[in-house]
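Worksheet: the structure to be examined is printed underneath.
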There are 2 protein chains.
Amino acid sequence: MSPTPVTFTSPGQPASYSWEATDEEVAARYGLPVESIVRFDLNTSPAPPGLVSRLLAEGRFESPLSEYPPSDYRRLVAAAAAAYGVAAEEILVGAGADEILDLIGKAFIPSGGEALIPTPSYAMYRVITEQRGARVVAVPRRPASQGWAIDIDGVRAAARTAQVVWLCNPNNPTGLAEPPGAVESLLAGIAEDALAAGLEAPIVALDEAYAEFVGKSLVDARLAHPNLILIRTASKAYALAGLRVGFAIAQPETIARLAPYRPPGSVSTVSVTLVTEALLEPTAMRANVARVDAERERLASALAGVGWSVGPSVTNFLLVRFDSPAAASRAAETLLNRGLVPRTFPTGHPLADSLRLTVRDRSENEHLVAAAAEAAERGR
Amino acid sequence: MSPTPVTFTSPGQPASYSWEATDEEVAARYGLPVESIVRFDLNTSPAPPGLVSRLLAEGRFESPLSEYPPSDYRRLVAAAAAAYGVAAEEILVGAGADEILDLIGKAFIPSGGEALIPTPSYAMYRVITEQRGARVVAVPRRPASQGWAIDIDGVRAAARTAQVVWLCNPNNPTGLAEPPGAVESLLAGIAEDALAAGLEAPIVALDEAYAEFVGKSLVDARLAHPNLILIRTASKAYALAGLRVGFAIAQPETIARLAPYRPPGSVSTVSVTLVTEALLEPTAMRANVARVDAERERLASALAGVGWSVGPSVTNFLLVRFDSPAAASRAAETLLNRGLVPRTFPTGHPLADSLRLTVRDRSENEHLVAAAAEAAERGR
């Protein structure tokens, strides 16, 4: 095994999450009406499920909106447990998956500690780790040609000194799932190393925000691994990002270690009721996944048709690689001039030469293809 | 000056917020229908403002609920700035005041640090401090006969080594405001001591959750004190606890120190829109304050009429003192048997002999008085 290149960050000023420009900011900068802005950078869905407007109009919630949300989110927890196939005591609710990440940081990453990220991945893992005053150990993923797979040996080795290992599967922003059995084998290796060292295994936080798009979850792995915390969300396939609801799933004893850090009511009563119903009635979620399946292939082909280099994806977004960071920036500018917002990556990021693009609805995607054609034409 | 009794807590396992029993739990325990449960323990309001059902039925929000909330909460920030009479860059939005407290902890209480609480006060200050791995310095308030006022000299002295001073004015659970000029004089003293010591002054977190009920805020004190962070909420006078929206107000440079810790979107888009409108159209809030004013005096007299010892209050709750913790428990049981939930205080708490009771609507308050009469009768 060749030595794995690993980079460290010393905690200083914590990174804050680098927020996307708002619709208004994009509109102002490019001289466009705000209604014309379309977000291809947030991996959201074009529209919420139909039950939303019906339930809002009915206005019947868990409790009157003048009261606090039910502190145990009882119905929401029951609905999530049923949807994910686990027991109620294996569920913890947060204000979006982001709050779950924060609670994991609070419960398991001590000041001066260490957390590990196979990079590139979701930016928030680094933010949470640095906010805890802990060190980020970045283990680069395999190259695109190897499906951006986690370097299992490298991560396993680095996990020996970490308190938390942040995994994302399928991974954002690379768009692919780990090879079958890879995460399970990593979990087994980490358990073996901890046993051999007589130490508690580090927490493995496995973010499955995009799991519905592949129809697979590693949720059953929790049964053998008390150090595994899975993370799910209503923001992606359920098309309810605006409601801010996410979940942790783990063995009851592990949930009990997170629970003291959970605020009594960070999730709005409206969100509690709507997400409960969406989980109980997943027809719209399934239709959304089917839409993404069909549109992703269509959009990928069309973008390839204008000469763009589109990577494979199992999620609701595509990663497009350009000849250089400068070429990626030029393409982004062409899209932005039409109000279509791509996700860009900063200088020095391993994907600085790439754009990440959300699969949206047919007509929005066609606008994107037209803009891509213009960008490709200009790039010649 | 006599030596101030100060108690310390060493950080160990952090306290978690001791959650109130849910309506379902109370109903099950007392064999009552869940609809009959009335919360006199949460200092909420009987009903949300009328604009809520209208806006929900219209279903027009800042952005579609499938998209993330606007990361800058632009319209909500503008509405809060107008409502509180400050500039937009002096406002930071959180998922309830509780998230603001958490952000203050993250930004300003280091692991191994120290935060000061004039006790008794809101339980969350201790929870947040202990979760940071920091020490709580508790400085007892003056007795009830002196209006539970902050021991200004004691707090000023203890503030010399603290990173954060947690104040609540009017104070929960004691129900009274500080004497005029007291907080200002404390702020001046803390500034003077810091200057003399050549140190940065500790952050003074001034929770004004109940400020609307007295129609006064110390918001102008921020102009002279960059270490002052005021906390406001939509949960109390605005009667929107279920939406989970709170605010920090401070000088722009102080807000900028909190901002890196703010998650990009912890507040639901529905909450953003509804609270924006409630702040812009405060008629219902003012009516709620007027209701509380009238009902508080009525309820206090009626409870005094059955022989209960009701303390003065400027808030939407009353503190009732009994002869002993056991007598308070017995009174609580009588109320609970009718589905009326009082706030009790645990053994050892300075208010273990007291119940805290929210001023609710006329008919709910009458139920409470009837139950109190029964409890008083039994207590004879």
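Ordering of the structure tokens sets the chain letters (A, B, ...), residue numbers begin anew at 1 in every chain, and ligands are numbered from 1 in the order given.
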Determine, using only C-alpha atoms, which residues of chain A have any atom at most 6 Å from an atom of chain B, and tabulate each with its shortest atom pair and distance in Å to one decimal place, rows ordered by chain and then rising number, as a Markdown table.
```
| residue | atom | partner | partner_atom | distance |
| --- | --- | --- | --- | --- |
| A:Ser16 | CA | B:Pro260 | CA | 4.5 |
| A:Thr44 | CA | B:Glu67 | CA | 5.7 |
| A:Ser45 | CA | B:Ser66 | CA | 5.6 |
| A:Ala47 | CA | B:Ser66 | CA | 5.3 |
| A:Pro48 | CA | B:Ser66 | CA | 4.7 |
| A:Leu56 | CA | B:Leu56 | CA | 5.3 |
| A:Ala57 | CA | B:Ala57 | CA | 4.0 |
| A:Leu65 | CA | B:Gly242 | CA | 4.4 |
| A:Ser66 | CA | B:Leu240 | CA | 4.5 |
| A:Glu67 | CA | B:Ala241 | CA | 5.2 |
| A:Tyr68 | CA | B:Gly242 | CA | 4.5 |
| A:Pro69 | CA | B:Gly242 | CA | 5.2 |
| A:Ala95 | CA | B:Ser266 | CA | 5.7 |
| A:Ala239 | CA | B:Ser66 | CA | 4.6 |
| A:Leu240 | CA | B:Ser66 | CA | 4.5 |
| A:Ala241 | CA | B:Tyr68 | CA | 4.9 |
| A:Gly242 | CA | B:Leu65 | CA | 4.4 |
| A:Leu243 | CA | B:Ser268 | CA | 4.6 |
| A:Arg244 | CA | B:Ser268 | CA | 5.6 |
| A:Pro260 | CA | B:Ser16 | CA | 4.5 |
| A:Ser266 | CA | B:Ala95 | CA | 5.7 |
| A:Ser268 | CA | B:Leu243 | CA | 4.6 |
| A:Thr269 | CA | B:Gly242 | CA | 5.2 |
```
Expected file: the selected residues, C-alpha atoms, as a PDB file, in the first residue's frame:
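Just written: out03.pdb:
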```pdb
ATOM      1  CA  SER A  16     -18.218  29.336   8.075  1.00  0.00           C
ATOM      2  CA  THR A  44     -33.349  20.711  -4.659  1.00  0.00           C
ATOM      3  CA  SER A  45     -36.495  19.780  -6.599  1.00  0.00           C
ATOM      4  CA  ALA A  47     -41.791  21.743  -6.696  1.00  0.00           C
ATOM      5  CA  PRO A  48     -42.944  20.433  -3.320  1.00  0.00           C
ATOM      6  CA  LEU A  56     -51.458  24.289   4.714  1.00  0.00           C
ATOM      7  CA  ALA A  57     -54.920  25.338   3.587  1.00  0.00           C
ATOM      8  CA  LEU A  65     -48.882  27.586  16.280  1.00  0.00           C
ATOM      9  CA  SER A  66     -48.927  29.717  19.426  1.00  0.00           C
ATOM     10  CA  GLU A  67     -47.658  26.667  21.356  1.00  0.00           C
ATOM     11  CA  TYR A  68     -44.194  25.094  21.165  1.00  0.00           C
ATOM     12  CA  PRO A  69     -43.821  22.071  18.886  1.00  0.00           C
ATOM     13  CA  ALA A  95     -33.722  21.147  11.826  1.00  0.00           C
ATOM     14  CA  ALA A 239     -38.620  17.907  -2.164  1.00  0.00           C
ATOM     15  CA  LEU A 240     -39.148  19.715   1.144  1.00  0.00           C
ATOM     16  CA  ALA A 241     -35.864  21.598   1.675  1.00  0.00           C
ATOM     17  CA  GLY A 242     -37.741  24.705   2.805  1.00  0.00           C
ATOM     18  CA  LEU A 243     -39.155  22.893   5.832  1.00  0.00           C
ATOM     19  CA  ARG A 244     -35.760  22.016   7.388  1.00  0.00           C
ATOM     20  CA  PRO A 260     -28.759  15.633  25.433  1.00  0.00           C
ATOM     21  CA  SER A 266     -35.780  23.532  16.691  1.00  0.00           C
ATOM     22  CA  SER A 268     -41.411  24.316  13.399  1.00  0.00           C
ATOM     23  CA  THR A 269     -44.772  22.698  14.097  1.00  0.00           C
TER      24      THR A 269
END
```
Expected answer as a PyMOL selection string: strand (DSSP E) residues in region 137-365 of chain A: chain A and resi 137-140+164-168+203-207+228-233+246-249+309-310+317-321+340-341+354-358
Residues flagged helix (DSSP H, G or I) by DSSP in region 112-273 of chain B, as an NGL selection string: :B and (124-131 or 144-146 or 152-161 or 182-197 or 211-214 or 219-223 or 241-243 or 252-261 or 269-273)
Nearby residues (only C-alpha atoms) at most 12 Å from Ala327 (chain A), same-chain spacing under 6 positions excluded, as a ChimeraX atom specification: /A:308,320-321,333-334,344,352-355,375-376,378-380
Can you tell me, as a PDB file with all heavy atoms, in the first residue's frame, what residues are no more than 7 Å from Pro202 (chain A) when counting only C-alpha atoms, ignoring any on the same chain fewer than 4 positions away?
```pdb
ATOM      1  N   ALA A 162      -9.053   9.317  14.926  1.00  0.00           N
ATOM      2  CA  ALA A 162     -10.159  10.276  14.794  1.00  0.00           C
ATOM      3  C   ALA A 162     -11.297   9.929  15.754  1.00  0.00           C
ATOM      4  O   ALA A 162     -11.470   8.771  16.140  1.00  0.00           O
ATOM      5  CB  ALA A 162     -10.676  10.286  13.364  1.00  0.00           C
ATOM      6  N   GLN A 163     -12.082  10.941  16.116  1.00  0.00           N
ATOM      7  CA  GLN A 163     -13.289  10.686  16.910  1.00  0.00           C
ATOM      8  C   GLN A 163     -14.512  10.510  16.008  1.00  0.00           C
ATOM      9  O   GLN A 163     -15.469   9.848  16.378  1.00  0.00           O
ATOM     10  CB  GLN A 163     -13.560  11.830  17.894  1.00  0.00           C
ATOM     11  CG  GLN A 163     -12.658  11.818  19.119  1.00  0.00           C
ATOM     12  CD  GLN A 163     -11.324  12.462  18.824  1.00  0.00           C
ATOM     13  OE1 GLN A 163     -11.268  13.510  18.193  1.00  0.00           O
ATOM     14  NE2 GLN A 163     -10.246  11.837  19.261  1.00  0.00           N
ATOM     15  N   VAL A 164     -14.463  11.146  14.831  1.00  0.00           N
ATOM     16  CA  VAL A 164     -15.584  11.042  13.897  1.00  0.00           C
ATOM     17  C   VAL A 164     -15.053  10.870  12.474  1.00  0.00           C
ATOM     18  O   VAL A 164     -14.069  11.508  12.088  1.00  0.00           O
ATOM     19  CB  VAL A 164     -16.508  12.287  13.965  1.00  0.00           C
ATOM     20  CG1 VAL A 164     -17.485  12.339  12.787  1.00  0.00           C
ATOM     21  CG2 VAL A 164     -17.299  12.302  15.285  1.00  0.00           C
ATOM     22  N   VAL A 165     -15.699   9.987  11.723  1.00  0.00           N
ATOM     23  CA  VAL A 165     -15.418   9.810  10.295  1.00  0.00           C
ATOM     24  C   VAL A 165     -16.672  10.239   9.545  1.00  0.00           C
ATOM     25  O   VAL A 165     -17.744   9.673   9.745  1.00  0.00           O
ATOM     26  CB  VAL A 165     -15.089   8.336   9.983  1.00  0.00           C
ATOM     27  CG1 VAL A 165     -14.841   8.144   8.494  1.00  0.00           C
ATOM     28  CG2 VAL A 165     -13.897   7.862  10.806  1.00  0.00           C
ATOM     29  N   ASN A 227     -21.386   2.372  16.506  1.00  0.00           N
ATOM     30  CA  ASN A 227     -20.724   3.655  16.210  1.00  0.00           C
ATOM     31  C   ASN A 227     -21.230   4.276  14.910  1.00  0.00           C
ATOM     32  O   ASN A 227     -20.742   5.328  14.508  1.00  0.00           O
ATOM     33  CB  ASN A 227     -19.200   3.460  16.128  1.00  0.00           C
ATOM     34  CG  ASN A 227     -18.798   2.505  15.014  1.00  0.00           C
ATOM     35  OD1 ASN A 227     -19.491   1.504  14.786  1.00  0.00           O
ATOM     36  ND2 ASN A 227     -17.709   2.785  14.328  1.00  0.00           N
TER      37      ASN A 227
END
```
Polymer residues at most 10 Å from Ala300 (chain A), only C-alpha atoms, same-chain spacing of 6 or more positions, as a PyMOL selection string: chain A and resi 308-313+317-320+359+365+369
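Picture a line from CA of Val86 (chain A) to CA of Leu167 (chain A); it runs 20.6 Å.
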